[in-house]
Amino acid sequence: MKLNRRDAETRRIERTEQGPDRTFSISCIHFFLFSLCLCVSAVGSSCTSKPSDLRTLVPAETLIYLETNDLAAAIQPILDSDAFKQAAKTTPDLSALKGVQLAVAVTGFETSEERLTDENSVGRVQPRFVAVADTHAWNYQAVAFAEKKLSGFVADVYQGEPQLEKTEKLGGKYFTWTAKDGRKAFALVIDSLIYFGNDASAIEKCVAVKKGEADSIAKTGKPPNSVPNSLASGYVSTDGVAQIAALAGLSFATQASDDEEVQSAVAGILPKLIRGTVTDASWTAMRSPQGYEDKWQVTMPQEIASVFNESFAIQEELGATTYQKNELIAQLPENVFTATHYNLKDPRLAWLSFIQAETRNLNPIEGKILAEFSSLLFEPYGIKDPALFLGSFGDSKYASRSIITGKLDEGSEENVAILAVGDLQSRKRSLSPDLKPPKEPIEGGINTWSSEEEDLQVIFDSQMIRIGSKENLVRVSGSRLGELNDIRGDLLRRLATSKAPIATVGRETTTTLSLVDLLANEGHGDVRPNSTYFTETRFTNAGVDRVTTSDFGFIGTILAQLTSD
């Protein structure tokens, strides 16, 4: 069983031509579209009710939970960003959203298979969800919003005018929309509250919670307490992790190989890995000088968290190591699309600890498959023996163990890597046999190994190793001085000054343009401003903490998906 390294799009095309396509995609887009409806529609003047505790309105068995206590405040940093202002001619007025509360609860998932031809089909995953909005408006205004605005929204989603049935039910005004193909959407308005979803039973559970007939997610005590002044927050329960893991296994299996035996193995292994490593996860969004600060906390079993906390320790900061690190980062061009700095005390230990932790709940055969698949992560860099490669930094504490990876262009699948030479002979033994040394004598101390097609090269010199395509390595050639000012651009200098074991910086334009299309009436033509982000990942005795500061945040990422669905 040999795993393939072909990109996902190639595999998708080949499966369409040669056999069944069972690619599974997870889309929670509909409940975010509901929040979009709120964003562009004024409900009316407030009835001045006090804020609701949204956690007391959704059932205890909720798998994924998201909330914001002020929809206008949650979105405002997007509009205030320089990137949005440069691309948008108009800025939407969010005053009608001030104080509007919104919670989204995913209560389950349904899988289905849509047959395209006799031989090809597409697998789909539909979340069962309910969105609860406290509009703080008068009841008649909330009812009018549901009848007019939600009806238009459902018609857009179903691409046709659905049949609408209105009844008095569950103590309020109940709406049922039925599409021509049988799909249904539901809404219930009680006082200033609007419940909306694609699962009638989820709405019924929420009503039972409101009446005190069932426990809420607040009573479980599992979602972390709300952070003062936060813009939004979220939580994925242990059961939610398990269901997402099962779906991820199905999705990833189709991308890993065309071999059905391998697909079956991956579909079984990946859920075990995720369930055995992740207990639950929480997210909090705050406003920051950069726009948003998104903090993710992934809780792990104690024994795994402790191992990761120790094995992913950062290298001791010394003058020599800092100078070498800066020298490596300085090789990247200022406009690099994304770059990551692995600043680890012992990269080989971190790698082996990761593999050991992931295989602890696997049988020998599954462990072997995982080891083979994990090694493929290094294949784009021409590395056949990751442990040997990562263990070749030498014993000196003054030698930098920094590893820099990145992509130079948006949309590119090609990677580059830069690191100190270390034990040169061990490095060479760790490389793929497809990489060959030069036939001509080496001049100037530079030694270039190339694949037969020259689509991958490894360049050795007296100070560092650079890995990438021939075209990219021409651009990976910066200052050989190690002062901070020798690094090109503030974004890369921010990467260099991070004290996290893993730090990533990046830029992109797609999200900017999507948000302009979504929130503004008209954009600035061909203007394509970059937005930027900076992520730091740290390991603790409880799990993993990841903090990202960016122009648009996770909220912007969610909203940007609306234009691509």
# chains A, B, ... in the order shown; residues from 1 in each chain; ligands from 1

call {"tool": "residues_around", "arguments": {"residues": "Ala146 (chain A)", "least_positions_apart": "5", "cutoff": "12 Å", "atoms": "only C-alpha atoms", "output": "ChimeraX atom specification"}}
result
/A:34,37-38,41,43,133,135,139-141,151-154,164,166,173-177,185-190,192-197

call {"tool": "select_by_dssp", "arguments": {"residues": "region 80-297 of chain A", "states": "alpha helix (DSSP H)", "output": "PyMOL selection string"}}
result
chain A and resi 80+82-87+139-144+151-158+200-210+217-220+238-256+260-277

call {"tool": "residues_around", "arguments": {"residues": "region 421-438 of chain A", "least_positions_apart": "6", "cutoff": "10 Å", "atoms": "only C-alpha atoms", "output": "ChimeraX atom specification"}}
result
/A:378-379,381-396,399-401,447-454,456-466

call {"tool": "closest_residue", "arguments": {"among": "A:Thr532, A:Ser251, A:Ser402, A:Thr497", "to": "Thr321 (chain A)", "atoms": "only C-alpha atoms"}}
result
A:Ser402

call {"tool": "atom_distance", "arguments": {"atom1": "CA of Asp517 (chain A)", "atom2": "CA of Leu71 (chain A)"}}
result
19.0 Å

call {"tool": "atom_distance", "arguments": {"atom1": "CA of Gly367 (chain A)", "atom2": "CA of Leu419 (chain A)"}}
result
29.4 Å

call {"tool": "residues_around", "arguments": {"residues": "Gln331 (chain A)", "least_positions_apart": "5", "cutoff": "9 Å", "atoms": "only C-alpha atoms", "output": "list in words"}}
result
Asn326, Ile418, Arg475, Val476, Ser477, Gly478, Ser479, Arg480, Ile487 and Arg488 of chain A

call {"tool": "closest_residue", "arguments": {"among": "A:Leu473, A:Val132, A:Ile274, A:Ala417", "to": "Val58 (chain A)", "atoms": "only C-alpha atoms"}}
result
A:Val132
